[in-house]
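Chemist: Okay, here's the structure, questions in a sec.
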Amino acid sequence: MSIRELSYGEAICEALSQMLEINNKVFVIGVGVNSPWYMGNSTKDLNKKYNDRIIDIPISEAGITGIGVGAAASGMRPVVCHPRMDFMYLAMDAIINHASSAHYMFGGKVNIPIVIRGVINRGGEQSVQHSQSIHAMFAHVPGLKVVMPSTAYDAKGLMISAIKDNGPVIYIDDRWLYETMDRVPKNIYDVPIGKGIIRHEGKDLTVVATSYACHLANIVAEKLEKEHASIEVMDPRTIKPFDFYTLKESLHKTRKLLIIDGGWKTCGFAAEVSAMVAESKLFSILKCPIYRLTLPDCHAPASKVLEKEYYLNEAKIKSKIEEIIAK
Amino acid sequence: MINWYKSMLRIRRYEEAIANLINKGEVKCPCHLYVGQEAVAVGICTALRKTDYVFSNYRGHGHYLAKGGDANEMMAEIMGKVTGCSKGRGGSMHLVAPKVGILGNTAIVAGNIAPAVGAALKSKLLGKDDVSVVFFGDGATEEGVFFEALNFAVLKKLPVIFVCENNSYAAHMKLKDRQPFTEMASKTQPFLESMSIDGNDVTDVSEAAVYAINKARDDQGPTFIECKTYRVLGHVGPNDDVDKDIRTQEEVDDWKMRCPIKTLERKLLNKQIITRKEITRINNEIKDKVRESIAFANKSHYPREKELMMHVY
């Protein structure tokens, strides 16, 4: 197996290209898929090779997502791209009323093998409507799987698994990860949906962290190791269905839990994981309360001073971890 | 023409039987009945192939039957039985029959317009000549996604036929209270070839359908067909909404005079294509089928409680 370093953005592009190559039912559609900047390098030059199957669209998020749902119902495997998640609200009817429910509503007779890709694209003083991470809203809906790769390896493998899946998968990638490098096999491979991974082993505290927050948590865990703190970092990779087994194994060892998520706090992913642990037998083995580190329940601001206060960073994560392990 | 007659009459008798079951309390599921609009479903669907796609809505019994959906499975679905076409999960508003190209009816107004364009995109991308038809009411043309879907279909010249069943009402509201347009085709004309026809004349509907379907198959792009018609019953359920002051008895009676089935029946008799005796025989055959469907649904089992979560992805 040939392995070399690829960036996260390049890994997504390679997954798309390889799946387009082996299956003529796969197509990529969305705002800016042929643009030089909208999708970063994650769809770069695909149109040169796959022509009609790379469809840049009029600004019609609702219509195009619905078109993807109908194409999927008739047997295609579309990847519908939303270069900023914020615009996915316009497509909620297609995603929730139609994609998520069709298999159930029609007694298992209709499959919707669609990947709906939302990009978290924040920072740079973009403010409220160009900055959101709304993964938890999708995780709330029955029938949707929600994946959030944090490495280039997973970005490729989860895209491949999502395209192969017979149901709708919300694939959420993060522009802040696009330049991160990882060893990525050249061949087509799956990262199974619903399977988390321990990124950093430790015994003092389990940190469950999603997407870019996991990237930061790993850096912090490495640094703290030198300061003799032993942190276990779990990357769920899929937020729904969540890999509770991997978390359980980890908590038996550490008996302390911090959940870090780049979404809002109330009814968010961190709240859900907290509740899963709280209502399980694990609750009785915990040595301290469950902690959450998330965005505040506030919209994304523009001013760089407020942005710094708003978003997660290494310093905030390190300080929270130190506070917990000192208890 | 006799087949049109049989198909329309069959829809009418099923709808009347369902109305009767609702009145008797044997059907609880909300049913949006198709009485009065039969010529649209039949005129369009009889011009289609089995492999062509039909996308329909909450007023979808007629489209389902006309395209070849199984009548027993429809009745069982309406009664919430596991033998229903959606295994008791969908009910009246979510009929499905993938084997005859019905990929699932939606209860969201305009919800299936974009998916229909998506199925047409499949034909285009894979070089197939299957066409896609979507049925929707005049109310659906008030939704933004309608224009998004129309724009894309025209832009990519997709094989889709937009069939607007203009029955003058969206739930309780008259068209004139909702739109500055009375002609649906006038507002889509800037996008694509649009025609306005008598939706109560199955011959007219069929002629328009054949034209639009051939055009789509020949890769000549989409067509919008406005079928002017009327739902004789109310928005939902077996009553006519006259008692709710939504419309007048005179208006309903006027349209009943223009019944698409009676109109065709007169034509068939005048041209001596059919006899009174044959009409009686057809009626009896359909009545037997309806009875059989109700019996099938009645004796079918409900889904088991432990299967609640089955079919969630």
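Going through the structure tokens in order, the chains are called A, B, and so on, while each chain numbers its residues from 1 and the ligands are numbered from 1 in the order shown.
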Find the residues around stretch 223-226 of chain B up to 6 Å (only C-alpha atoms counted), leave out those fewer than 4 positions away in its own chain, and share them as a PyMOL selection string.
Modeler: chain B and resi 161-164+185+193-196+212
Chemist: Atoms to include: N, CA and C atoms. Write the selected residues as a compact mmCIF listing (two decimals), in the first residue's frame.
Modeler:
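Contents of result01.txt, as written:
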```txt
# COMPACT_ATOMS: atom_id res chain seq x y z
N ILE B 161 -41.47 17.15 -16.48
CA ILE B 161 -42.72 17.82 -16.82
C ILE B 161 -43.38 18.28 -15.53
N PHE B 162 -43.59 19.57 -15.45
CA PHE B 162 -44.21 20.17 -14.26
C PHE B 162 -45.72 20.23 -14.50
N VAL B 163 -46.46 19.46 -13.73
CA VAL B 163 -47.92 19.45 -13.92
C VAL B 163 -48.57 20.15 -12.73
N CYS B 164 -49.07 21.35 -13.00
CA CYS B 164 -49.72 22.13 -11.96
C CYS B 164 -51.22 21.89 -12.02
N ALA B 185 -49.69 29.43 -15.93
CA ALA B 185 -48.76 29.35 -17.06
C ALA B 185 -48.17 30.72 -17.40
N GLU B 193 -41.40 26.68 -21.84
CA GLU B 193 -42.65 26.50 -22.58
C GLU B 193 -43.75 26.11 -21.60
N SER B 194 -44.81 26.87 -21.60
CA SER B 194 -45.87 26.66 -20.63
C SER B 194 -47.22 26.65 -21.34
N MET B 195 -48.06 25.74 -20.94
CA MET B 195 -49.38 25.70 -21.55
C MET B 195 -50.46 25.62 -20.47
N SER B 196 -51.62 26.11 -20.82
CA SER B 196 -52.74 26.08 -19.89
C SER B 196 -53.87 25.32 -20.57
N ALA B 212 -45.42 16.87 -24.30
CA ALA B 212 -44.35 17.22 -23.35
C ALA B 212 -43.42 16.03 -23.10
```
Chemist: Compute the set of chain A residues within 7 Å of chain B, using only C-alpha atoms, and express it as a ChimeraX atom specification.
Modeler: /A:60,62-63,66-71,73-74,76,103-108,110,142-143,167
Chemist: Set the distance at 6 Å and use only C-alpha atoms: which residues neighbour B:Val160 once local chain neighbours fewer than 6 positions away are removed? I'd like the list as a list in words.
Modeler: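 Result of the neighbour search: Ala120, Val131, Ser132, Val133 and Pro222 of chain B.
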Chemist: I need the chosen residues saved as an mmCIF file, in the first residue's frame, with N, CA and C atoms.
Modeler:
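Now in again_28.cif:
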```cif
data_model
loop_
_atom_site.group_PDB
_atom_site.id
_atom_site.type_symbol
_atom_site.label_atom_id
_atom_site.label_comp_id
_atom_site.auth_asym_id
_atom_site.auth_seq_id
_atom_site.Cartn_x
_atom_site.Cartn_y
_atom_site.Cartn_z
ATOM 1 N N ALA B 120 -34.816 13.576 -13.015
ATOM 2 C CA ALA B 120 -34.570 13.934 -14.414
ATOM 3 C C ALA B 120 -33.073 14.146 -14.656
ATOM 4 N N VAL B 131 -38.415 9.884 -18.364
ATOM 5 C CA VAL B 131 -38.786 11.246 -17.998
ATOM 6 C C VAL B 131 -39.339 11.261 -16.576
ATOM 7 N N SER B 132 -39.421 12.445 -16.028
ATOM 8 C CA SER B 132 -39.873 12.610 -14.654
ATOM 9 C C SER B 132 -41.041 13.606 -14.657
ATOM 10 N N VAL B 133 -42.098 13.235 -13.951
ATOM 11 C CA VAL B 133 -43.279 14.114 -13.874
ATOM 12 C C VAL B 133 -43.516 14.474 -12.421
ATOM 13 N N PRO B 222 -37.702 20.734 -20.462
ATOM 14 C CA PRO B 222 -38.916 20.623 -19.648
ATOM 15 C C PRO B 222 -40.105 21.427 -20.195
#
```
Chemist: Please return, as a VMD selection string, all residues of stretch 20-238 of chain B that DSSP assigns to strand (DSSP E) on the basis of the backbone.
Modeler: chain B and resid 53 to 55 132 to 137 160 to 166 169 to 170 173 to 174 194 to 198 223 to 228
Chemist: Give me the residues near A:Leu158 as a ChimeraX atom specification, where near means some atom within 8 Å (using only C-alpha atoms) and where sequence neighbours in that chain fewer than 5 positions away do not count.
Modeler: /A:147,149,190-193
Chemist: How many Å separate atom CA of A:Ala221 from atom CA of A:Ile259?
Modeler: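 Value for the atom CA of A:Ala221-atom CA of A:Ile259 distance: 13.9 Å.
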Chemist: Show me, as a VMD selection string, the residues that have an atom within 12 Å of A:Asn51 when counting only C-alpha atoms, minus same-chain residues fewer than 6 positions from it.
Modeler: (chain A and resid 17 20 to 21 24 27 to 29 33 to 34 45) or (chain B and resid 125)
Chemist: Under the rule that only C-alpha atoms are counted, which of A:Ala326, A:Ile231, A:Met159, A:Leu257 is the nearest residue to A:Val273?
Modeler: A:Leu257
Chemist: Could you go through stretch 174-212 of chain B and tell me which residues DSSP, when run on the backbone, assigns to helix (DSSP H, G or I), listing them as a PyMOL selection string?
Modeler: chain B and resi 175-177+184-188+202-212
Chemist: Please dump the current selection as a CSV table (one decimal), in the first residue's frame; keep N, CA and C atoms.
Modeler:
```
chain,number,residue,atom,x,y,z
B,175,LEU,N,-57.4,31.2,-4.9
B,175,LEU,CA,-56.2,31.7,-5.6
B,175,LEU,C,-56.1,33.2,-5.7
B,176,LYS,N,-57.3,33.9,-5.9
B,176,LYS,CA,-57.3,35.4,-6.1
B,176,LYS,C,-56.9,36.1,-4.8
B,177,ASP,N,-57.0,35.4,-3.6
B,177,ASP,CA,-56.6,36.0,-2.4
B,177,ASP,C,-55.1,35.7,-2.1
B,184,MET,N,-51.6,30.2,-14.1
B,184,MET,CA,-50.3,29.8,-13.6
B,184,MET,C,-49.2,29.8,-14.7
B,185,ALA,N,-49.7,29.4,-15.9
B,185,ALA,CA,-48.8,29.4,-17.1
B,185,ALA,C,-48.2,30.7,-17.4
B,186,SER,N,-48.9,31.8,-17.1
B,186,SER,CA,-48.4,33.1,-17.4
B,186,SER,C,-47.2,33.5,-16.6
B,187,LYS,N,-47.1,32.9,-15.4
B,187,LYS,CA,-45.9,33.3,-14.6
B,187,LYS,C,-44.7,32.4,-14.8
B,188,THR,N,-44.9,31.2,-15.4
B,188,THR,CA,-43.8,30.4,-15.7
B,188,THR,C,-43.3,30.6,-17.2
B,202,VAL,N,-59.9,14.8,-20.3
B,202,VAL,CA,-58.8,13.9,-20.3
B,202,VAL,C,-58.1,13.9,-21.7
B,203,THR,N,-58.9,14.1,-22.7
B,203,THR,CA,-58.3,14.2,-24.1
B,203,THR,C,-57.3,15.3,-24.2
B,204,ASP,N,-57.6,16.5,-23.7
B,204,ASP,CA,-56.7,17.6,-23.7
B,204,ASP,C,-55.5,17.3,-22.9
B,205,VAL,N,-55.7,16.7,-21.7
B,205,VAL,CA,-54.6,16.5,-20.8
B,205,VAL,C,-53.6,15.5,-21.5
B,206,SER,N,-54.2,14.5,-22.1
B,206,SER,CA,-53.4,13.4,-22.7
B,206,SER,C,-52.6,14.0,-23.9
B,207,GLU,N,-53.2,14.9,-24.7
B,207,GLU,CA,-52.5,15.5,-25.8
B,207,GLU,C,-51.3,16.3,-25.4
B,208,ALA,N,-51.5,17.1,-24.3
B,208,ALA,CA,-50.5,17.9,-23.8
B,208,ALA,C,-49.4,17.0,-23.2
B,209,ALA,N,-49.8,15.9,-22.5
B,209,ALA,CA,-48.8,15.0,-21.9
B,209,ALA,C,-47.9,14.4,-23.0
B,210,VAL,N,-48.6,13.9,-24.0
B,210,VAL,CA,-47.8,13.2,-25.1
B,210,VAL,C,-46.8,14.1,-25.7
B,211,TYR,N,-47.2,15.4,-25.9
B,211,TYR,CA,-46.3,16.4,-26.5
B,211,TYR,C,-45.1,16.6,-25.6
B,212,ALA,N,-45.4,16.9,-24.3
B,212,ALA,CA,-44.4,17.2,-23.4
B,212,ALA,C,-43.4,16.0,-23.1
```
Chemist: For atom CA of A:Gly202 and atom CA of A:Phe242, quote the distance in Å rounded to one decimal.
Modeler: 20.9 Å
Chemist: Which polymer residues have any atom within 10 Å of an atom of stretch 276-279 of chain A, counting only C-alpha atoms, with same-chain residues fewer than 2 positions away left out, as a PyMOL selection string?
Modeler: chain A and resi 242+244+247-248+251+257+270-274+281-284+286+289-290
Chemist: Pull N, CA and C atoms from the residues just selected and write them as a JSON list (two decimals), in the first residue's frame.
Modeler:
```json
[["chain", "number", "residue", "atom", "x", "y", "z"],
["A", 242, "PHE", "N", -22.88, 7.76, 17.74],
["A", 242, "PHE", "CA", -21.68, 7.98, 18.55],
["A", 242, "PHE", "C", -21.13, 6.65, 19.06],
["A", 244, "PHE", "N", -20.03, 4.85, 21.66],
["A", 244, "PHE", "CA", -20.04, 4.87, 23.12],
["A", 244, "PHE", "C", -19.06, 3.85, 23.71],
["A", 247, "LEU", "N", -15.60, 5.27, 24.25],
["A", 247, "LEU", "CA", -15.62, 6.20, 25.39],
["A", 247, "LEU", "C", -15.67, 5.42, 26.71],
["A", 248, "LYS", "N", -16.48, 4.38, 26.74],
["A", 248, "LYS", "CA", -16.63, 3.58, 27.95],
["A", 248, "LYS", "C", -15.29, 2.98, 28.38],
["A", 251, "LEU", "N", -13.13, 5.72, 29.82],
["A", 251, "LEU", "CA", -13.57, 6.24, 31.12],
["A", 251, "LEU", "C", -13.30, 5.26, 32.27],
["A", 257, "LEU", "N", -14.08, 13.15, 32.76],
["A", 257, "LEU", "CA", -14.49, 13.41, 31.37],
["A", 257, "LEU", "C", -14.64, 14.91, 31.07],
["A", 270, "ALA", "N", -21.84, 18.24, 23.10],
["A", 270, "ALA", "CA", -21.27, 18.00, 24.43],
["A", 270, "ALA", "C", -22.36, 17.65, 25.44],
["A", 271, "ALA", "N", -23.51, 18.29, 25.30],
["A", 271, "ALA", "CA", -24.63, 17.99, 26.20],
["A", 271, "ALA", "C", -25.10, 16.56, 26.00],
["A", 272, "GLU", "N", -25.12, 16.12, 24.77],
["A", 272, "GLU", "CA", -25.60, 14.78, 24.47],
["A", 272, "GLU", "C", -24.65, 13.72, 25.04],
["A", 273, "VAL", "N", -23.35, 13.91, 24.85],
["A", 273, "VAL", "CA", -22.40, 12.94, 25.38],
["A", 273, "VAL", "C", -22.47, 12.92, 26.91],
["A", 274, "SER", "N", -22.60, 14.11, 27.51],
["A", 274, "SER", "CA", -22.74, 14.18, 28.97],
["A", 274, "SER", "C", -23.94, 13.36, 29.43],
["A", 281, "LYS", "N", -24.12, 3.34, 33.51],
["A", 281, "LYS", "CA", -23.44, 2.88, 34.74],
["A", 281, "LYS", "C", -22.14, 3.62, 34.98],
["A", 282, "LEU", "N", -21.60, 4.25, 33.93],
["A", 282, "LEU", "CA", -20.33, 4.95, 34.06],
["A", 282, "LEU", "C", -20.42, 6.09, 35.07],
["A", 283, "PHE", "N", -21.62, 6.63, 35.22],
["A", 283, "PHE", "CA", -21.79, 7.80, 36.09],
["A", 283, "PHE", "C", -21.24, 7.53, 37.49],
["A", 284, "SER", "N", -21.47, 6.32, 37.96],
["A", 284, "SER", "CA", -21.08, 6.01, 39.34],
["A", 284, "SER", "C", -19.57, 5.86, 39.52],
["A", 286, "LEU", "N", -17.36, 7.93, 38.03],
["A", 286, "LEU", "CA", -16.69, 9.21, 37.80],
["A", 286, "LEU", "C", -16.19, 9.81, 39.13],
["A", 289, "PRO", "N", -17.46, 15.90, 38.41],
["A", 289, "PRO", "CA", -18.53, 16.16, 37.43],
["A", 289, "PRO", "C", -18.01, 16.07, 35.98],
["A", 290, "ILE", "N", -18.95, 15.95, 35.08],
["A", 290, "ILE", "CA", -18.60, 15.98, 33.65],
["A", 290, "ILE", "C", -18.44, 17.45, 33.25]]
```
Chemist: Just want the 6 Å neighbourhood of stretch 28-35 of chain B, counted on only C-alpha atoms, with same-chain residues fewer than 5 positions away dropped. Output as a ChimeraX atom specification.
Modeler: /B:12,59,92,231-232,236-237
Chemist: Compare B:Ala216, B:Ile246, B:Val252, B:Ile274 by their minimum atom-to-atom distance to B:Leu48, counting only C-alpha atoms, and give me the closest one.
Modeler: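 With only C-alpha atoms as the atom set, the closest residue is B:Ala216.
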Chemist: Have a look at A:Ser150, A:Lys109, A:Gly118, A:Tyr245 and name the one nearest to A:Ser280; count only C-alpha atoms.
Modeler: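 Of the candidates, the smallest distance to A:Ser280 is held by A:Tyr245.
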Chemist: Using atom CA of B:Asp218 and atom CA of B:Gly199 as the two end points, give the distance in Å to one decimal.
Modeler: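 A separation of 24.9 Å between them.
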Chemist: Taking only C-alpha atoms into account, name the residue in B:Asn200, B:Asn167, B:Asn72, B:Gln249 that is nearest to B:Ala140.
Modeler: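 Among B:Asn200, B:Asn167, B:Asn72, B:Gln249, it is B:Asn167 that comes nearest to B:Ala140.
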